[in-house]
file work_18.tsv (TSV, N, CA and C atoms)
chain	number	residue	atom	x	y	z
A	1	MET	N	6.71	42.36	-19.97
A	1	MET	CA	6.51	43.78	-20.13
A	1	MET	C	6.66	44.16	-21.59
A	2	ARG	N	5.96	45.21	-21.98
A	2	ARG	CA	6.04	45.70	-23.35
A	2	ARG	C	7.02	46.84	-23.43
A	3	GLU	N	7.75	46.87	-24.52
A	3	GLU	CA	8.63	47.99	-24.81
A	3	GLU	C	8.41	48.38	-26.26
A	4	HIS	N	8.03	49.62	-26.49
A	4	HIS	CA	7.84	50.14	-27.84
A	4	HIS	C	6.86	49.30	-28.64
A	5	GLY	N	5.77	48.85	-28.03
A	5	GLY	CA	4.74	48.13	-28.74
A	5	GLY	C	5.03	46.67	-29.02
A	6	HIS	N	6.10	46.11	-28.49
A	6	HIS	CA	6.42	44.71	-28.70
A	6	HIS	C	6.57	44.01	-27.37
A	7	VAL	N	6.22	42.75	-27.36
A	7	VAL	CA	6.37	41.95	-26.15
A	7	VAL	C	7.83	41.56	-26.03
A	8	ASN	N	8.38	41.67	-24.81
A	8	ASN	CA	9.76	41.26	-24.58
A	8	ASN	C	9.93	39.80	-24.91
A	9	GLN	N	11.11	39.43	-25.36
A	9	GLN	CA	11.40	38.05	-25.72
A	9	GLN	C	11.38	37.14	-24.48
A	10	GLY	N	11.60	37.71	-23.29
A	10	GLY	CA	11.63	36.92	-22.07
A	10	GLY	C	10.28	36.37	-21.67
A	11	GLU	N	9.22	36.96	-22.15
A	11	GLU	CA	7.90	36.49	-21.80
A	11	GLU	C	7.54	35.30	-22.69
A	12	SER	N	7.29	34.18	-22.08
A	12	SER	CA	7.02	32.97	-22.85
A	12	SER	C	5.54	32.85	-23.17
A	13	GLN	N	5.27	31.96	-24.10
A	13	GLN	CA	3.89	31.69	-24.48
A	13	GLN	C	3.14	31.09	-23.30
A	14	ASP	N	3.83	30.29	-22.50
A	14	ASP	CA	3.19	29.68	-21.33
A	14	ASP	C	2.72	30.75	-20.34
A	15	GLN	N	3.51	31.80	-20.17
A	15	GLN	CA	3.11	32.89	-19.27
A	15	GLN	C	1.85	33.58	-19.79
A	16	HIS	N	1.80	33.77	-21.11
A	16	HIS	CA	0.61	34.40	-21.70
A	16	HIS	C	-0.61	33.51	-21.54
A	17	GLU	N	-0.42	32.22	-21.78
A	17	GLU	CA	-1.53	31.28	-21.64
A	17	GLU	C	-2.02	31.25	-20.19
A	18	ALA	N	-1.08	31.24	-19.25
A	18	ALA	CA	-1.45	31.20	-17.84
A	18	ALA	C	-2.21	32.46	-17.43
A	19	ALA	N	-1.83	33.60	-18.00
A	19	ALA	CA	-2.52	34.84	-17.66
A	19	ALA	C	-3.84	34.96	-18.40
A	20	PHE	N	-3.90	34.42	-19.62
A	20	PHE	CA	-5.10	34.58	-20.44
A	20	PHE	C	-6.19	33.56	-20.10
A	21	ASP	N	-5.79	32.38	-19.66
A	21	ASP	CA	-6.78	31.33	-19.38
A	21	ASP	C	-7.85	31.77	-18.37
A	22	PRO	N	-7.49	32.43	-17.25
A	22	PRO	CA	-8.55	32.89	-16.34
A	22	PRO	C	-9.48	33.93	-16.98
A	23	LEU	N	-8.92	34.79	-17.83
A	23	LEU	CA	-9.76	35.76	-18.55
A	23	LEU	C	-10.74	35.04	-19.47
A	24	TRP	N	-10.23	34.06	-20.18
A	24	TRP	CA	-11.09	33.32	-21.11
A	24	TRP	C	-12.13	32.50	-20.34
A	25	ALA	N	-11.75	31.97	-19.19
A	25	ALA	CA	-12.71	31.22	-18.37
A	25	ALA	C	-13.85	32.14	-17.93
A	26	ARG	N	-13.51	33.38	-17.59
A	26	ARG	CA	-14.55	34.34	-17.20
A	26	ARG	C	-15.46	34.66	-18.39
A	27	VAL	N	-14.87	34.76	-19.56
A	27	VAL	CA	-15.67	35.03	-20.76
A	27	VAL	C	-16.66	33.89	-21.00
A	28	THR	N	-16.18	32.66	-20.93
A	28	THR	CA	-17.07	31.53	-21.20
A	28	THR	C	-18.11	31.33	-20.10
A	29	GLU	N	-17.76	31.67	-18.85
A	29	GLU	CA	-18.72	31.52	-17.75
A	29	GLU	C	-19.82	32.58	-17.82
A	30	SER	N	-19.45	33.79	-18.14
A	30	SER	CA	-20.44	34.87	-18.23
A	30	SER	C	-20.47	35.37	-19.68
A	31	TRP	N	-20.96	34.51	-20.55
A	31	TRP	CA	-20.91	34.72	-22.00
A	31	TRP	C	-21.60	36.01	-22.43
A	32	GLU	N	-22.65	36.40	-21.79
A	32	GLU	CA	-23.39	37.60	-22.19
A	32	GLU	C	-22.83	38.88	-21.57
A	33	ASP	N	-21.82	38.78	-20.74
A	33	ASP	CA	-21.22	39.95	-20.09
A	33	ASP	C	-20.22	40.62	-21.05
A	34	GLU	N	-20.60	41.78	-21.55
A	34	GLU	CA	-19.76	42.51	-22.52
A	34	GLU	C	-18.41	42.90	-21.92
A	35	VAL	N	-18.39	43.21	-20.63
A	35	VAL	CA	-17.15	43.63	-19.98
A	35	VAL	C	-16.11	42.51	-20.00
A	36	ALA	N	-16.54	41.29	-19.79
A	36	ALA	CA	-15.61	40.16	-19.82
A	36	ALA	C	-14.97	40.03	-21.20
A	37	HIS	N	-15.77	40.19	-22.23
A	37	HIS	CA	-15.23	40.13	-23.60
A	37	HIS	C	-14.25	41.28	-23.85
A	38	GLN	N	-14.58	42.46	-23.35
A	38	GLN	CA	-13.70	43.62	-23.53
A	38	GLN	C	-12.37	43.43	-22.82
A	39	HIS	N	-12.40	42.88	-21.61
A	39	HIS	CA	-11.15	42.64	-20.88
A	39	HIS	C	-10.27	41.63	-21.61
A	40	ALA	N	-10.87	40.58	-22.11
A	40	ALA	CA	-10.10	39.57	-22.84
A	40	ALA	C	-9.51	40.17	-24.11
A	41	LEU	N	-10.29	40.96	-24.83
A	41	LEU	CA	-9.79	41.60	-26.04
A	41	LEU	C	-8.69	42.60	-25.72
A	42	SER	N	-8.84	43.35	-24.64
A	42	SER	CA	-7.80	44.30	-24.24
A	42	SER	C	-6.49	43.59	-23.92
A	43	TYR	N	-6.58	42.48	-23.20
A	43	TYR	CA	-5.38	41.72	-22.88
A	43	TYR	C	-4.73	41.20	-24.17
A	44	ALA	N	-5.53	40.64	-25.05
A	44	ALA	CA	-5.01	40.09	-26.30
A	44	ALA	C	-4.35	41.19	-27.14
A	45	LEU	N	-4.96	42.34	-27.18
A	45	LEU	CA	-4.40	43.46	-27.94
A	45	LEU	C	-3.09	43.95	-27.32
A	46	GLU	N	-3.07	44.05	-26.02
A	46	GLU	CA	-1.89	44.53	-25.31
A	46	GLU	C	-0.70	43.59	-25.45
A	47	HIS	N	-0.96	42.30	-25.56
A	47	HIS	CA	0.11	41.31	-25.62
A	47	HIS	C	0.25	40.68	-27.01
A	48	ASP	N	-0.26	41.36	-28.03
A	48	ASP	CA	-0.14	40.89	-29.42
A	48	ASP	C	-0.65	39.46	-29.59
A	49	ARG	N	-1.83	39.20	-29.03
A	49	ARG	CA	-2.41	37.85	-29.08
A	49	ARG	C	-3.79	37.86	-29.75
A	50	LEU	N	-4.01	38.75	-30.69
A	50	LEU	CA	-5.32	38.81	-31.34
A	50	LEU	C	-5.65	37.52	-32.08
A	51	ALA	N	-4.65	36.90	-32.68
A	51	ALA	CA	-4.89	35.65	-33.40
A	51	ALA	C	-5.36	34.54	-32.44
A	52	ASP	N	-4.80	34.52	-31.25
A	52	ASP	CA	-5.18	33.51	-30.27
A	52	ASP	C	-6.64	33.66	-29.84
A	53	ILE	N	-7.02	34.89	-29.52
A	53	ILE	CA	-8.40	35.09	-29.06
A	53	ILE	C	-9.37	34.87	-30.22
A	54	ALA	N	-8.98	35.24	-31.42
A	54	ALA	CA	-9.85	35.00	-32.58
A	54	ALA	C	-10.03	33.49	-32.79
A	55	GLY	N	-8.97	32.74	-32.58
A	55	GLY	CA	-9.07	31.28	-32.69
A	55	GLY	C	-10.01	30.68	-31.66
A	56	ARG	N	-9.97	31.23	-30.47
A	56	ARG	CA	-10.87	30.71	-29.42
A	56	ARG	C	-12.32	31.02	-29.75
A	57	TYR	N	-12.58	32.22	-30.26
A	57	TYR	CA	-13.95	32.55	-30.67
A	57	TYR	C	-14.36	31.69	-31.87
A	58	ARG	N	-13.43	31.48	-32.79
A	58	ARG	CA	-13.74	30.68	-33.98
A	58	ARG	C	-14.12	29.25	-33.60
A	59	ALA	N	-13.48	28.72	-32.58
A	59	ALA	CA	-13.80	27.36	-32.13
A	59	ALA	C	-15.23	27.27	-31.60
A	60	LEU	N	-15.82	28.40	-31.22
A	60	LEU	CA	-17.18	28.41	-30.67
A	60	LEU	C	-18.25	28.72	-31.72
A	61	LEU	N	-17.86	28.88	-32.97
A	61	LEU	CA	-18.84	29.20	-34.02
A	61	LEU	C	-19.86	28.09	-34.23
A	62	GLU	N	-19.50	26.86	-33.92
A	62	GLU	CA	-20.42	25.73	-34.10
A	62	GLU	C	-21.37	25.56	-32.92
A	63	ASP	N	-21.08	26.22	-31.80
A	63	ASP	CA	-21.94	26.13	-30.61
A	63	ASP	C	-23.21	26.95	-30.88
A	64	PRO	N	-24.39	26.31	-30.82
A	64	PRO	CA	-25.63	27.05	-31.15
A	64	PRO	C	-25.93	28.19	-30.17
A	65	VAL	N	-25.50	28.06	-28.94
A	65	VAL	CA	-25.76	29.10	-27.95
A	65	VAL	C	-24.78	30.25	-28.07
A	66	LYS	N	-23.54	29.96	-28.41
A	66	LYS	CA	-22.50	30.97	-28.38
A	66	LYS	C	-22.10	31.50	-29.76
A	67	SER	N	-22.65	30.95	-30.82
A	67	SER	CA	-22.18	31.30	-32.16
A	67	SER	C	-22.45	32.76	-32.52
A	68	ALA	N	-23.61	33.30	-32.13
A	68	ALA	CA	-23.92	34.70	-32.49
A	68	ALA	C	-22.93	35.66	-31.85
A	69	ARG	N	-22.66	35.48	-30.57
A	69	ARG	CA	-21.69	36.35	-29.87
A	69	ARG	C	-20.29	36.13	-30.42
A	70	ALA	N	-19.94	34.88	-30.73
A	70	ALA	CA	-18.62	34.59	-31.27
A	70	ALA	C	-18.41	35.30	-32.61
A	71	LYS	N	-19.42	35.28	-33.47
A	71	LYS	CA	-19.33	36.00	-34.76
A	71	LYS	C	-19.14	37.49	-34.52
A	72	LYS	N	-19.89	38.02	-33.57
A	72	LYS	CA	-19.78	39.46	-33.27
A	72	LYS	C	-18.38	39.80	-32.78
A	73	GLN	N	-17.84	38.98	-31.89
A	73	GLN	CA	-16.52	39.24	-31.34
A	73	GLN	C	-15.42	39.09	-32.40
A	74	ILE	N	-15.59	38.13	-33.31
A	74	ILE	CA	-14.62	38.00	-34.41
A	74	ILE	C	-14.64	39.25	-35.27
A	75	ALA	N	-15.82	39.80	-35.52
A	75	ALA	CA	-15.92	41.05	-36.29
A	75	ALA	C	-15.22	42.19	-35.56
A	76	VAL	N	-15.38	42.24	-34.23
A	76	VAL	CA	-14.71	43.27	-33.43
A	76	VAL	C	-13.19	43.11	-33.52
A	77	ILE	N	-12.73	41.87	-33.48
A	77	ILE	CA	-11.29	41.60	-33.57
A	77	ILE	C	-10.76	42.02	-34.94
A	78	VAL	N	-11.51	41.75	-35.99
A	78	VAL	CA	-11.08	42.14	-37.34
A	78	VAL	C	-10.98	43.66	-37.44
A	79	VAL	N	-11.97	44.36	-36.92
A	79	VAL	CA	-11.93	45.83	-36.95
A	79	VAL	C	-10.75	46.35	-36.13
A	80	THR	N	-10.52	45.77	-34.96
A	80	THR	CA	-9.40	46.18	-34.11
A	80	THR	C	-8.06	45.95	-34.81
A	81	ALA	N	-7.90	44.78	-35.42
A	81	ALA	CA	-6.65	44.48	-36.13
A	81	ALA	C	-6.45	45.42	-37.31
A	82	THR	N	-7.53	45.73	-38.01
A	82	THR	CA	-7.44	46.66	-39.15
A	82	THR	C	-7.03	48.04	-38.68
A	83	GLN	N	-7.63	48.51	-37.61
A	83	GLN	CA	-7.26	49.83	-37.08
A	83	GLN	C	-5.81	49.84	-36.62
A	84	LEU	N	-5.36	48.75	-36.05
A	84	LEU	CA	-3.97	48.64	-35.61
A	84	LEU	C	-3.02	48.71	-36.81
A	85	LEU	N	-3.38	48.04	-37.89
A	85	LEU	CA	-2.55	48.09	-39.09
A	85	LEU	C	-2.53	49.49	-39.71
A	86	VAL	N	-3.68	50.14	-39.75
A	86	VAL	CA	-3.74	51.49	-40.31
A	86	VAL	C	-2.94	52.46	-39.45
A	87	ALA	N	-3.00	52.29	-38.14
A	87	ALA	CA	-2.29	53.18	-37.24
A	87	ALA	C	-0.78	53.04	-37.36
A	88	THR	N	-0.32	51.85	-37.72
A	88	THR	CA	1.12	51.63	-37.83
A	88	THR	C	1.62	51.69	-39.27
A	89	LYS	N	0.75	52.11	-40.17
A	89	LYS	CA	1.11	52.19	-41.59
A	89	LYS	C	2.19	53.24	-41.79
A	90	THR	N	3.16	52.91	-42.62
A	90	THR	CA	4.24	53.84	-42.93
A	90	THR	C	3.69	54.91	-43.87
A	91	PRO	N	3.93	56.19	-43.55
A	91	PRO	CA	3.44	57.24	-44.43
A	91	PRO	C	4.13	57.20	-45.79
A	92	ALA	N	3.44	57.70	-46.78
A	92	ALA	CA	3.99	57.72	-48.13
A	92	ALA	C	5.24	58.59	-48.16
A	93	ARG	N	6.20	58.18	-48.96
A	93	ARG	CA	7.45	58.92	-49.08
A	93	ARG	C	7.20	60.20	-49.88
A	94	VAL	N	7.66	61.30	-49.34
A	94	VAL	CA	7.50	62.58	-50.02
A	94	VAL	C	8.82	62.91	-50.70
A	95	GLU	N	8.76	63.09	-52.01
A	95	GLU	CA	9.97	63.41	-52.76
A	95	GLU	C	10.07	64.92	-52.97
A	96	VAL	N	11.30	65.39	-53.00
A	96	VAL	CA	11.55	66.80	-53.26
A	96	VAL	C	11.33	67.04	-54.75
A	97	PRO	N	10.57	68.07	-55.12
A	97	PRO	CA	10.35	68.36	-56.54
A	97	PRO	C	11.68	68.63	-57.26
A	98	TRP	N	11.79	68.16	-58.49
A	98	TRP	CA	13.03	68.30	-59.24
A	98	TRP	C	13.39	69.76	-59.48
A	99	ARG	N	12.40	70.63	-59.53
A	99	ARG	CA	12.68	72.06	-59.76
A	99	ARG	C	13.43	72.67	-58.58
A	100	TRP	N	13.10	72.22	-57.35
A	100	TRP	CA	13.82	72.72	-56.19
A	100	TRP	C	15.28	72.28	-56.25
A	101	THR	N	15.49	71.04	-56.59
A	101	THR	CA	16.85	70.52	-56.69
A	101	THR	C	17.63	71.27	-57.77
A	102	ALA	N	16.98	71.49	-58.92
A	102	ALA	CA	17.64	72.22	-60.01
A	102	ALA	C	17.95	73.65	-59.59
A	103	SER	N	17.05	74.30	-58.85
A	103	SER	CA	17.27	75.68	-58.41
A	103	SER	C	18.46	75.76	-57.44
A	104	VAL	N	18.55	74.84	-56.52
A	104	VAL	CA	19.66	74.83	-55.57
A	104	VAL	C	20.96	74.57	-56.32
A	105	ALA	N	20.95	73.64	-57.25
A	105	ALA	CA	22.15	73.36	-58.03
A	105	ALA	C	22.58	74.58	-58.84
A	106	ALA	N	21.64	75.30	-59.44
A	106	ALA	CA	21.95	76.50	-60.22
A	106	ALA	C	22.54	77.59	-59.32
A	107	CYS	N	21.97	77.77	-58.15
A	107	CYS	CA	22.50	78.77	-57.21
A	107	CYS	C	23.92	78.42	-56.79
A	108	CYS	N	24.16	77.14	-56.49
A	108	CYS	CA	25.51	76.71	-56.12
A	108	CYS	C	26.48	76.95	-57.26
A	109	PHE	N	26.06	76.67	-58.48
A	109	PHE	CA	26.92	76.90	-59.64
A	109	PHE	C	27.26	78.37	-59.79
A	110	VAL	N	26.26	79.25	-59.60
A	110	VAL	CA	26.50	80.68	-59.72
A	110	VAL	C	27.49	81.15	-58.65
A	111	VAL	N	27.33	80.69	-57.42
A	111	VAL	CA	28.23	81.10	-56.34
A	111	VAL	C	29.65	80.60	-56.61
A	112	VAL	N	29.80	79.35	-57.02
A	112	VAL	CA	31.13	78.80	-57.31
A	112	VAL	C	31.76	79.53	-58.50
A	113	ALA	N	30.98	79.83	-59.52
A	113	ALA	CA	31.50	80.56	-60.68
A	113	ALA	C	31.96	81.95	-60.28
A	114	PHE	N	31.16	82.62	-59.43
A	114	PHE	CA	31.52	83.97	-58.98
A	114	PHE	C	32.82	83.93	-58.18
A	115	LEU	N	32.93	82.97	-57.27
A	115	LEU	CA	34.14	82.84	-56.46
A	115	LEU	C	35.36	82.50	-57.33
A	116	ALA	N	35.19	81.63	-58.28
A	116	ALA	CA	36.29	81.29	-59.19
A	116	ALA	C	36.71	82.51	-59.99
A	117	TYR	N	35.77	83.30	-60.45
A	117	TYR	CA	36.07	84.51	-61.20
A	117	TYR	C	36.88	85.48	-60.34
A	118	LYS	N	36.44	85.67	-59.06
A	118	LYS	CA	37.15	86.60	-58.18
A	118	LYS	C	38.57	86.10	-57.88
A	119	VAL	N	38.71	84.81	-57.64
A	119	VAL	CA	40.04	84.25	-57.31
A	119	VAL	C	40.97	84.32	-58.53
A	120	LEU	N	40.47	83.93	-59.68
A	120	LEU	CA	41.31	83.89	-60.88
A	120	LEU	C	41.59	85.27	-61.45
A	121	ARG	N	40.77	86.24	-61.21
A	121	ARG	CA	40.95	87.60	-61.72
A	121	ARG	C	42.10	88.30	-61.02
A	122	HIS	N	42.34	87.99	-59.75
A	122	HIS	CA	43.39	88.64	-58.97
A	122	HIS	C	44.75	88.00	-59.21
A	123	ARG	N	44.93	87.04	-60.02
A	123	ARG	CA	46.23	86.39	-60.26
A	123	ARG	C	46.95	86.99	-61.38

call {"tool": "encode", "arguments": {"input": "work_18.tsv", "output": "structure tokens"}}
result
Amino acid sequence: MREHGHVNQGESQDQHEAAFDPLWARVTESWEDEVAHQHALSYALEHDRLADIAGRYRALLEDPVKSARAKKQIAVIVVTATQLLVATKTPARVEVPWRWTASVAACCFVVVAFLAYKVLRHR
């Protein structure tokens, strides 16, 4: 099971392979079926296995029948991985302008000076 976008440590690689192998078998059996490719990619994305599926497609680049589709799917995986990285990118740090900090410090100084004046004047 996934929690917060990460695969639990309890799930082993063997479990992923056992679940993914039938999906990959369907992909290779019905190579021209776009839905089979989409299901395999969805599983790989959901279980953080994009590198594995990319490797399987890469192994088919030399096959004259499957190389065109394999290249296309590798391109889809690259775009998917890039979008995933952009979506999880940390936003740029926004700094408070120095003038705001100086203004707050000046106001605090004025208030403390006023209070000190009132306290020391009554002694």

call {"tool": "atom_distance", "arguments": {"input": "work_18.tsv", "atom1": "atom N of Ala70 in chain A", "atom2": "CA of Tyr57 in chain A"}}
result
6.4 Å

call {"tool": "select_by_dssp", "arguments": {"input": "work_18.tsv", "residues": "chain A", "states": "alpha helix (DSSP H)", "output": "PyMOL selection string"}}
result
chain A and resi 13-29+34-46+50-59+67-87+98-121

call {"tool": "residues_near_point", "arguments": {"input": "work_18.tsv", "point": "(-10.3, 38.1, -34.6)", "cutoff": "7 Å", "atoms": "only N, CA and C atoms", "output": "list in words"}}
result
Leu50, Ala51, Ile53, Ala54, Gly55, Gln73, Ile74, Ala75, Val76, Ile77, Val78 and Val79 of chain A

call {"tool": "atom_distance", "arguments": {"input": "work_18.tsv", "atom1": "atom N of Ala102 in chain A", "atom2": "CA of Lys118 in chain A"}}
result
25.2 Å

call {"tool": "atom_distance", "arguments": {"input": "work_18.tsv", "atom1": "CA of Val35 in chain A", "atom2": "CA of Pro22 in chain A"}}
result
14.2 Å

call {"tool": "residues_around", "arguments": {"input": "work_18.tsv", "residues": "Ala44 in chain A", "least_positions_apart": "5", "cutoff": "12 Å", "atoms": "only C-alpha atoms", "output": "ChimeraX atom specification"}}
result
/A:7,16-17,19-21,23-24,37-39,49-56,77,80-81

call {"tool": "select_by_dssp", "arguments": {"input": "work_18.tsv", "residues": "chain A", "states": "strand (DSSP E)", "output": "list in words"}}
result
Arg2, Glu3, His6 and Val7 of chain A

call {"tool": "decode", "arguments": {"input": "work_18.tsv", "residues": "range 8-98 of chain A", "atoms": "C-alpha atoms", "output": "PDB file, in the first residue's frame"}}
result
ATOM      1  CA  ASN A   8       5.571   0.940   2.185  1.00  0.00           C
ATOM      2  CA  GLN A   9       8.803  -0.777   3.155  1.00  0.00           C
ATOM      3  CA  GLY A  10       6.865  -4.024   3.710  1.00  0.00           C
ATOM      4  CA  GLU A  11       6.186  -4.439   0.024  1.00  0.00           C
ATOM      5  CA  SER A  12       9.032  -6.377  -1.508  1.00  0.00           C
ATOM      6  CA  GLN A  13      10.422  -6.197  -4.989  1.00  0.00           C
ATOM      7  CA  ASP A  14       9.227  -9.767  -5.547  1.00  0.00           C
ATOM      8  CA  GLN A  15       5.634  -8.695  -4.857  1.00  0.00           C
ATOM      9  CA  HIS A  16       5.966  -5.906  -7.407  1.00  0.00           C
ATOM     10  CA  GLU A  17       7.478  -8.245  -9.966  1.00  0.00           C
ATOM     11  CA  ALA A  18       4.731 -10.802  -9.376  1.00  0.00           C
ATOM     12  CA  ALA A  19       2.056  -8.149  -9.849  1.00  0.00           C
ATOM     13  CA  PHE A  20       3.753  -6.462 -12.798  1.00  0.00           C
ATOM     14  CA  ASP A  21       4.702  -9.566 -14.785  1.00  0.00           C
ATOM     15  CA  PRO A  22       1.095 -10.342 -15.868  1.00  0.00           C
ATOM     16  CA  LEU A  23       0.647  -6.700 -16.925  1.00  0.00           C
ATOM     17  CA  TRP A  24       3.842  -6.829 -18.946  1.00  0.00           C
ATOM     18  CA  ALA A  25       2.820 -10.167 -20.471  1.00  0.00           C
ATOM     19  CA  ARG A  26      -0.412  -8.543 -21.639  1.00  0.00           C
ATOM     20  CA  VAL A  27       1.564  -5.657 -23.120  1.00  0.00           C
ATOM     21  CA  THR A  28       3.839  -7.968 -25.081  1.00  0.00           C
ATOM     22  CA  GLU A  29       0.951 -10.202 -26.222  1.00  0.00           C
ATOM     23  CA  SER A  30      -1.182  -7.324 -27.466  1.00  0.00           C
ATOM     24  CA  TRP A  31       1.610  -4.950 -28.464  1.00  0.00           C
ATOM     25  CA  GLU A  32      -0.594  -2.601 -30.491  1.00  0.00           C
ATOM     26  CA  ASP A  33      -3.211  -2.252 -27.717  1.00  0.00           C
ATOM     27  CA  GLU A  34      -2.750   1.233 -26.236  1.00  0.00           C
ATOM     28  CA  VAL A  35      -4.820   0.344 -23.163  1.00  0.00           C
ATOM     29  CA  ALA A  36      -2.402  -2.409 -22.157  1.00  0.00           C
ATOM     30  CA  HIS A  37       0.491   0.038 -22.315  1.00  0.00           C
ATOM     31  CA  GLN A  38      -1.476   2.589 -20.282  1.00  0.00           C
ATOM     32  CA  HIS A  39      -2.303   0.048 -17.565  1.00  0.00           C
ATOM     33  CA  ALA A  40       1.330  -1.007 -17.265  1.00  0.00           C
ATOM     34  CA  LEU A  41       2.468   2.624 -17.104  1.00  0.00           C
ATOM     35  CA  SER A  42      -0.194   3.430 -14.495  1.00  0.00           C
ATOM     36  CA  TYR A  43       0.947   0.534 -12.327  1.00  0.00           C
ATOM     37  CA  ALA A  44       4.597   1.541 -12.681  1.00  0.00           C
ATOM     38  CA  LEU A  45       3.780   5.147 -11.802  1.00  0.00           C
ATOM     39  CA  GLU A  46       1.656   4.167  -8.821  1.00  0.00           C
ATOM     40  CA  HIS A  47       4.351   1.893  -7.396  1.00  0.00           C
ATOM     41  CA  ASP A  48       7.383   4.072  -8.227  1.00  0.00           C
ATOM     42  CA  ARG A  49       8.614   1.616 -10.857  1.00  0.00           C
ATOM     43  CA  LEU A  50       9.089   3.894 -13.877  1.00  0.00           C
ATOM     44  CA  ALA A  51      12.728   2.853 -14.220  1.00  0.00           C
ATOM     45  CA  ASP A  52      11.713  -0.812 -14.397  1.00  0.00           C
ATOM     46  CA  ILE A  53       9.152  -0.332 -17.140  1.00  0.00           C
ATOM     47  CA  ALA A  54      11.529   1.940 -19.054  1.00  0.00           C
ATOM     48  CA  GLY A  55      14.144  -0.807 -18.874  1.00  0.00           C
ATOM     49  CA  ARG A  56      11.713  -3.342 -20.264  1.00  0.00           C
ATOM     50  CA  TYR A  57      10.845  -1.060 -23.177  1.00  0.00           C
ATOM     51  CA  ARG A  58      14.534  -0.300 -23.709  1.00  0.00           C
ATOM     52  CA  ALA A  59      15.269  -4.018 -24.015  1.00  0.00           C
ATOM     53  CA  LEU A  60      12.839  -4.105 -26.967  1.00  0.00           C
ATOM     54  CA  LEU A  61      14.471  -1.269 -28.926  1.00  0.00           C
ATOM     55  CA  GLU A  62      16.436  -3.797 -31.013  1.00  0.00           C
ATOM     56  CA  ASP A  63      13.283  -5.745 -31.962  1.00  0.00           C
ATOM     57  CA  PRO A  64      12.343  -4.616 -35.504  1.00  0.00           C
ATOM     58  CA  VAL A  65       8.634  -5.170 -34.888  1.00  0.00           C
ATOM     59  CA  LYS A  66       8.422  -3.548 -31.466  1.00  0.00           C
ATOM     60  CA  SER A  67      11.073  -0.827 -31.624  1.00  0.00           C
ATOM     61  CA  ALA A  68       8.795   1.990 -32.865  1.00  0.00           C
ATOM     62  CA  ARG A  69       6.251   1.464 -30.073  1.00  0.00           C
ATOM     63  CA  ALA A  70       9.035   0.977 -27.519  1.00  0.00           C
ATOM     64  CA  LYS A  71      10.577   4.350 -28.487  1.00  0.00           C
ATOM     65  CA  LYS A  72       7.164   5.994 -28.201  1.00  0.00           C
ATOM     66  CA  GLN A  73       6.544   4.487 -24.773  1.00  0.00           C
ATOM     67  CA  ILE A  74       9.993   5.514 -23.525  1.00  0.00           C
ATOM     68  CA  ALA A  75       9.175   9.078 -24.597  1.00  0.00           C
ATOM     69  CA  VAL A  76       5.879   8.856 -22.681  1.00  0.00           C
ATOM     70  CA  ILE A  77       7.742   7.603 -19.600  1.00  0.00           C
ATOM     71  CA  VAL A  78      10.235  10.477 -19.841  1.00  0.00           C
ATOM     72  CA  VAL A  79       7.413  13.025 -20.060  1.00  0.00           C
ATOM     73  CA  THR A  80       5.604  11.361 -17.139  1.00  0.00           C
ATOM     74  CA  ALA A  81       8.744  11.343 -14.986  1.00  0.00           C
ATOM     75  CA  THR A  82       9.433  14.985 -15.838  1.00  0.00           C
ATOM     76  CA  GLN A  83       5.902  16.009 -14.905  1.00  0.00           C
ATOM     77  CA  LEU A  84       6.244  14.077 -11.655  1.00  0.00           C
ATOM     78  CA  LEU A  85       9.465  15.913 -10.835  1.00  0.00           C
ATOM     79  CA  VAL A  86       7.954  19.304 -11.647  1.00  0.00           C
ATOM     80  CA  ALA A  87       4.884  18.525  -9.548  1.00  0.00           C
ATOM     81  CA  THR A  88       7.011  17.665  -6.526  1.00  0.00           C
ATOM     82  CA  LYS A  89       9.440  20.554  -6.972  1.00  0.00           C
ATOM     83  CA  THR A  90      10.017  22.605  -3.845  1.00  0.00           C
ATOM     84  CA  PRO A  91       8.786  26.173  -4.323  1.00  0.00           C
ATOM     85  CA  ALA A  92      11.334  28.946  -4.216  1.00  0.00           C
ATOM     86  CA  ARG A  93      11.975  30.399  -0.780  1.00  0.00           C
ATOM     87  CA  VAL A  94      10.341  33.767  -0.308  1.00  0.00           C
ATOM     88  CA  GLU A  95      12.342  36.138   1.853  1.00  0.00           C
ATOM     89  CA  VAL A  96      10.870  38.985   3.850  1.00  0.00           C
ATOM     90  CA  PRO A  97      12.061  42.336   2.453  1.00  0.00           C
ATOM     91  CA  TRP A  98      14.644  44.006   4.701  1.00  0.00           C
TER      92      TRP A  98
END
